[in-house]
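Chemist: The structure's right below; bear with me while I get my questions together.
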Amino acid sequence: MTETTARARLDQLWARGCAFLGTRTAVMGGAMSWVSERHLVAAISNAGGFGVLACGSMPPDALAAEIAGTKALTDKPFGVNLINMHPALDRLLDVCREQAVGHVVIAGGFPSSATLARIKDGGAKAMAFAPTLASGRRMVKLGADALVIEGTEAGGHIGPVSTTVLAQEILPDLREAPVFVAGGIGRGEAIVAYLELGASGVQVGTRFVCATESIAHPNFKKSFIRASARDAQASVQLDPRFPVIPVRALANAGSAAFLEFQRTVIARVDGGELTRDEGLLEIEHFWAGALRRAVIDGDVEFGSLMAGQSVGLVTREQPVADILAELIAQAETALAGRHGVGASLNSSVPDRAADRVAASPSVLGAV
């Protein structure tokens, strides 16, 4: 397969994702709190990807300013990631409507049909996360226009199932809406594998942390560049009464501090000083402050170094455009090495069943 044919095949494989996002490539930027702000988001969109602003705990006025700031840096499509549990969610959705945001991604739990309807009534496309095939179908039925499936290899708050297993469970059978795969993706060969399995695109976070355009502190970036995959570890839950969602981050003194913090909070709850719900909230708030200390202030000893296991593939600081170009070149090389996969290139719509048959010997090996 020639280079031109390989690129044509790649464009065919992610055509549905590109059409949904309105972009040249179906690569979404992961919404990383304090990292995925206007500069990185605009750079990803300007390079042909799809940047996603991380609202996190921002109040509505701050989100409005960040969206406006992003629009000043790019005229390309980008999205906004909102946390479903945010106390001002409805007002944040109003901000997205007022700012004519084209895509809203809801994270941190399953959005209600009312929330999805509010997004769509405001003129945006609604995206949600799905940890299982059944929940994905439910989200689509409730009104989600597209889904993200994220494996435990990802950075930050994570679920228990690997990206590879989620992809096998969900992609071959969920055809009702575009599905974007996330978690541990750091090379173009993996992107091709998931596209061939049925994904419409991917979401990449950790690879963009050390982008030149990322405002992350130099100390934070150096920690990523020095780290290996095994350094990105999931936090430990000490007490089943406090079902803390695991957080994957580079192990440091802050990791040990989190364990001690849990012990302290649990003791306060047992002593009647806090209710269980108050204790859960304090444990959750630990990460927000710790992450800011690392990303913005450069405290890489006690701050939270949230990173996916693909951190071992981050070897240097690069412009976003170079990172995307590298991923695409790897994807094209992988496709150029395939045999007999160009048969359906004349079709304007990918034959996903044929794709899966053609890809079956190599899909899992490429990941």
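So you can find residues: chains in the structure tokens are A, B, ... in the order shown, residues in each start at 1, and ligands are numbered from 1 in order.
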Excluding A:Asp75 and its own-chain neighbours fewer than 3 positions away, which residues fall within 10 Å of it when counting only C-alpha atoms? Please give them as an mmCIF file with N, CA, C and O atoms, in the first residue's frame.
Modeler:
data_model
loop_
_atom_site.group_PDB
_atom_site.id
_atom_site.type_symbol
_atom_site.label_atom_id
_atom_site.label_comp_id
_atom_site.auth_asym_id
_atom_site.auth_seq_id
_atom_site.Cartn_x
_atom_site.Cartn_y
_atom_site.Cartn_z
ATOM 1 N N ALA A 42 -6.727 25.369 22.030
ATOM 2 C CA ALA A 42 -6.657 26.047 20.742
ATOM 3 C C ALA A 42 -5.574 25.446 19.856
ATOM 4 O O ALA A 42 -5.758 25.292 18.639
ATOM 5 N N SER A 45 -6.841 22.167 18.338
ATOM 6 C CA SER A 45 -7.810 22.421 17.272
ATOM 7 C C SER A 45 -7.141 23.027 16.038
ATOM 8 O O SER A 45 -7.446 22.648 14.906
ATOM 9 N N ASN A 46 -6.220 23.949 16.242
ATOM 10 C CA ASN A 46 -5.533 24.569 15.112
ATOM 11 C C ASN A 46 -4.700 23.568 14.322
ATOM 12 O O ASN A 46 -4.476 23.735 13.121
ATOM 13 N N THR A 70 -10.447 31.002 24.381
ATOM 14 C CA THR A 70 -10.128 29.968 23.397
ATOM 15 C C THR A 70 -10.540 30.415 21.999
ATOM 16 O O THR A 70 -9.798 30.228 21.022
ATOM 17 N N LYS A 71 -11.715 31.013 21.904
ATOM 18 C CA LYS A 71 -12.195 31.491 20.603
ATOM 19 C C LYS A 71 -11.295 32.585 20.029
ATOM 20 O O LYS A 71 -11.208 32.749 18.811
ATOM 21 N N ALA A 72 -10.622 33.301 20.908
ATOM 22 C CA ALA A 72 -9.703 34.339 20.434
ATOM 23 C C ALA A 72 -8.441 33.732 19.825
ATOM 24 O O ALA A 72 -7.730 34.409 19.072
ATOM 25 N N PHE A 78 -14.020 23.191 18.896
ATOM 26 C CA PHE A 78 -13.520 22.641 20.149
ATOM 27 C C PHE A 78 -14.720 22.373 21.047
ATOM 28 O O PHE A 78 -15.831 22.842 20.787
#
Chemist: Set the distance at 8 Å and use only C-alpha atoms: which residues neighbour A:Gln330 once local chain neighbours fewer than 4 positions away are removed? I'd like the list as a ChimeraX atom specification.
Modeler: /A:187-189,326,334
Chemist: Check the smallest atom-to-atom distance from each of A:Asp90, A:Glu278, A:Glu169, A:Asp145 to A:Ala128 using only C-alpha atoms, then report the winner.
Modeler: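 Among the listed residues, A:Asp145 lies closest to A:Ala128.
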Chemist: Excluding A:Leu116 and any residue of its chain fewer than 4 positions from it, enumerate the residues within 8 Å of it, using only C-alpha atoms, and give them as number ranges by chain.
Modeler: A: 111-112, 120, 126, 142-144
Chemist: For the residues in that selection, give me C-alpha atoms as an mmCIF file, in the first residue's frame.
Modeler:
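This went into out_8.cif:
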data_model
loop_
_atom_site.group_PDB
_atom_site.id
_atom_site.type_symbol
_atom_site.label_atom_id
_atom_site.label_comp_id
_atom_site.auth_asym_id
_atom_site.auth_seq_id
_atom_site.Cartn_x
_atom_site.Cartn_y
_atom_site.Cartn_z
ATOM 1 C CA PRO A 111 -26.037 12.606 32.705
ATOM 2 C CA SER A 112 -29.816 12.660 32.928
ATOM 3 C CA LYS A 120 -28.942 19.732 22.497
ATOM 4 C CA ALA A 126 -23.842 15.926 23.558
ATOM 5 C CA LEU A 142 -31.353 9.082 26.482
ATOM 6 C CA GLY A 143 -29.974 11.418 23.834
ATOM 7 C CA ALA A 144 -26.161 11.261 23.752
#
Chemist: Counting only C-alpha atoms, which residues in stretch 134-225 of chain A sit no more than 8 Å from stretch 25-41 of chain A? For each one, give the nearest pair of atoms and the distance in Å, sorted by chain then residue number, as a tab-separated table.
Modeler:
residue	atom	partner	partner_atom	distance
A:Ser200	CA	A:Ala26	CA	7.2
A:Gly201	CA	A:Ala26	CA	4.7
A:Val202	CA	A:Val27	CA	5.2
A:Gln203	CA	A:Met28	CA	4.5
A:Val204	CA	A:Gly29	CA	5.2
A:Gly205	CA	A:Gly30	CA	4.2
A:Thr206	CA	A:Gly30	CA	7.8
A:Phe208	CA	A:Gly29	CA	7.6
A:Val209	CA	A:Val35	CA	6.9
A:Ala211	CA	A:Leu40	CA	7.8
A:Glu213	CA	A:Leu40	CA	5.4
A:Ser214	CA	A:Leu40	CA	5.2
A:Ile215	CA	A:Val35	CA	6.5
A:Ala216	CA	A:Val35	CA	6.0
Chemist: Rank nothing, just name the residue among A:Met127, A:Leu82, A:Ala146, A:Ala251 nearest to A:Val300, using only C-alpha atoms.
Modeler: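 Comparing A:Met127, A:Leu82, A:Ala146, A:Ala251 against A:Val300, the winner is A:Ala251.
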Chemist: May I have a table of the residues of stretch 181-269 of chain A lying at most 9 Å from stretch 279-293 of chain A, giving each one's closest pair of atoms and their distance in Å to one decimal, counting only C-alpha atoms, ordered by chain and ascending residue number, as a Markdown table?
Modeler:
| residue | atom | partner | partner_atom | distance |
| --- | --- | --- | --- | --- |
| A:Phe242 | CA | A:Leu280 | CA | 6.3 |
| A:Pro243 | CA | A:Leu280 | CA | 8.1 |
| A:Val244 | CA | A:Leu280 | CA | 7.5 |
| A:Ile245 | CA | A:Glu284 | CA | 8.5 |
| A:Val247 | CA | A:Trp287 | CA | 8.6 |
| A:Gly254 | CA | A:Ala290 | CA | 7.8 |
| A:Phe258 | CA | A:Phe286 | CA | 7.6 |
| A:Phe261 | CA | A:Ile283 | CA | 7.5 |
| A:Gln262 | CA | A:Ile283 | CA | 6.5 |
| A:Val265 | CA | A:Gly279 | CA | 5.9 |
| A:Ile266 | CA | A:Gly279 | CA | 7.0 |
| A:Arg268 | CA | A:Gly279 | CA | 8.0 |
| A:Val269 | CA | A:Gly279 | CA | 6.5 |
Chemist: How would the residues just chosen look if you wrote them out with N, CA and C atoms as a compact mmCIF listing (two decimals), in the first residue's frame?
Modeler:
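For reference, part14.txt as written:
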# COMPACT_ATOMS: atom_id res chain seq x y z
N PHE A 242 -15.90 4.18 52.21
CA PHE A 242 -15.52 5.40 51.50
C PHE A 242 -15.03 5.00 50.10
N PRO A 243 -15.97 4.72 49.20
CA PRO A 243 -15.62 4.20 47.87
C PRO A 243 -15.02 5.29 46.98
N VAL A 244 -13.77 5.60 47.25
CA VAL A 244 -13.08 6.65 46.50
C VAL A 244 -12.79 6.15 45.09
N ILE A 245 -13.16 6.94 44.10
CA ILE A 245 -12.82 6.59 42.72
C ILE A 245 -11.31 6.65 42.57
N VAL A 247 -7.54 7.21 41.41
CA VAL A 247 -6.91 8.24 40.59
C VAL A 247 -5.54 7.73 40.18
N GLY A 254 3.19 12.82 47.54
CA GLY A 254 1.78 13.15 47.60
C GLY A 254 0.90 11.92 47.59
N PHE A 258 -1.87 11.09 50.46
CA PHE A 258 -3.29 10.82 50.24
C PHE A 258 -3.76 9.65 51.11
N PHE A 261 -4.14 11.04 54.48
CA PHE A 261 -5.30 11.93 54.52
C PHE A 261 -6.59 11.11 54.65
N GLN A 262 -6.67 10.01 53.91
CA GLN A 262 -7.84 9.14 54.03
C GLN A 262 -7.99 8.64 55.47
N VAL A 265 -9.35 11.45 57.69
CA VAL A 265 -10.77 11.75 57.44
C VAL A 265 -11.65 10.62 58.00
N ILE A 266 -11.25 9.39 57.78
CA ILE A 266 -12.03 8.25 58.29
C ILE A 266 -12.12 8.30 59.81
N ARG A 268 -12.00 10.97 61.63
CA ARG A 268 -12.89 12.08 62.00
C ARG A 268 -14.35 11.67 61.84
N VAL A 269 -14.64 10.88 60.81
CA VAL A 269 -16.01 10.40 60.62
C VAL A 269 -16.38 9.43 61.75
Chemist: Residues of stretch 181-306 of chain A classed as helix (DSSP H, G or I) by DSSP on the backbone are to be reported as number ranges by chain.
Modeler: A: 188-197, 206-209, 218-226, 229-231, 253-270, 276-295
Chemist: Tell me, counting only C-alpha atoms, for each residue of stretch 224-245 of chain A within 10 Å of stretch 313-318 of chain A, which pair of atoms is nearest and how far apart they are in Å to one decimal, in rows ordered by chain and increasing number, as JSON lines.
Modeler:
{"residue": "A:Phe224", "atom": "CA", "partner": "A:Val314", "partner_atom": "CA", "distance": 6.6}
{"residue": "A:Ile225", "atom": "CA", "partner": "A:Thr315", "partner_atom": "CA", "distance": 4.9}
{"residue": "A:Arg226", "atom": "CA", "partner": "A:Thr315", "partner_atom": "CA", "distance": 7.5}
{"residue": "A:Ala227", "atom": "CA", "partner": "A:Val314", "partner_atom": "CA", "distance": 8.2}
{"residue": "A:Ser228", "atom": "CA", "partner": "A:Leu313", "partner_atom": "CA", "distance": 7.9}
{"residue": "A:Ala229", "atom": "CA", "partner": "A:Leu313", "partner_atom": "CA", "distance": 8.0}
Chemist: Smallest atom-to-atom distance to A:Asp231: which of A:Ile170, A:Val179, A:Ala307, A:Leu10, using only C-alpha atoms?
Modeler: A:Ala307
Chemist: Which residues are near stretch 156-168 of chain A? Cut-off 8 Å, only C-alpha atoms, ignore same chain within fewer than 3 positions. Put them as an mmCIF file with C-alpha atoms, in the first residue's frame.
Modeler:
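Result file is out.cif:
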data_model
loop_
_atom_site.group_PDB
_atom_site.id
_atom_site.type_symbol
_atom_site.label_atom_id
_atom_site.label_comp_id
_atom_site.auth_asym_id
_atom_site.auth_seq_id
_atom_site.Cartn_x
_atom_site.Cartn_y
_atom_site.Cartn_z
ATOM 1 C CA PRO A 131 -18.083 2.105 30.995
ATOM 2 C CA THR A 132 -20.155 -0.798 29.595
ATOM 3 C CA ILE A 149 -15.046 4.777 26.413
ATOM 4 C CA GLU A 150 -12.048 5.192 28.708
ATOM 5 C CA GLY A 151 -9.943 2.380 30.125
ATOM 6 C CA THR A 152 -8.118 2.138 33.421
ATOM 7 C CA GLU A 153 -4.798 3.012 31.723
ATOM 8 C CA LEU A 171 -17.010 -1.339 19.645
ATOM 9 C CA PRO A 172 -18.175 -4.340 17.590
ATOM 10 C CA VAL A 181 -11.627 5.354 22.619
ATOM 11 C CA ALA A 182 -9.461 6.744 25.434
ATOM 12 C CA GLY A 183 -6.933 5.479 27.967
ATOM 13 C CA GLY A 184 -3.304 4.587 27.322
ATOM 14 C CA TYR A 194 -9.167 0.798 17.578
ATOM 15 C CA LEU A 197 -12.245 -2.516 15.573
ATOM 16 C CA ILE A 245 -12.819 6.588 42.720
ATOM 17 C CA PRO A 246 -9.197 5.581 42.007
ATOM 18 C CA VAL A 247 -6.908 8.238 40.594
ATOM 19 C CA ARG A 248 -3.921 7.324 38.412
ATOM 20 C CA ALA A 249 -0.898 9.542 38.963
ATOM 21 C CA MET A 306 -2.048 12.770 37.276
ATOM 22 C CA ALA A 307 -0.813 10.757 34.298
ATOM 23 C CA GLY A 308 -1.910 7.847 32.164
ATOM 24 C CA LEU A 364 -4.825 -6.692 19.727
ATOM 25 C CA VAL A 367 -2.284 -2.220 21.086
#
Chemist: Between atom CA of A:Ile185 and atom CA of A:Gly298, measure the distance and give it in Å to one decimal.
Modeler: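 Taking atom CA of A:Ile185 as the start and atom CA of A:Gly298 as the end point, the length is 25.3 Å.
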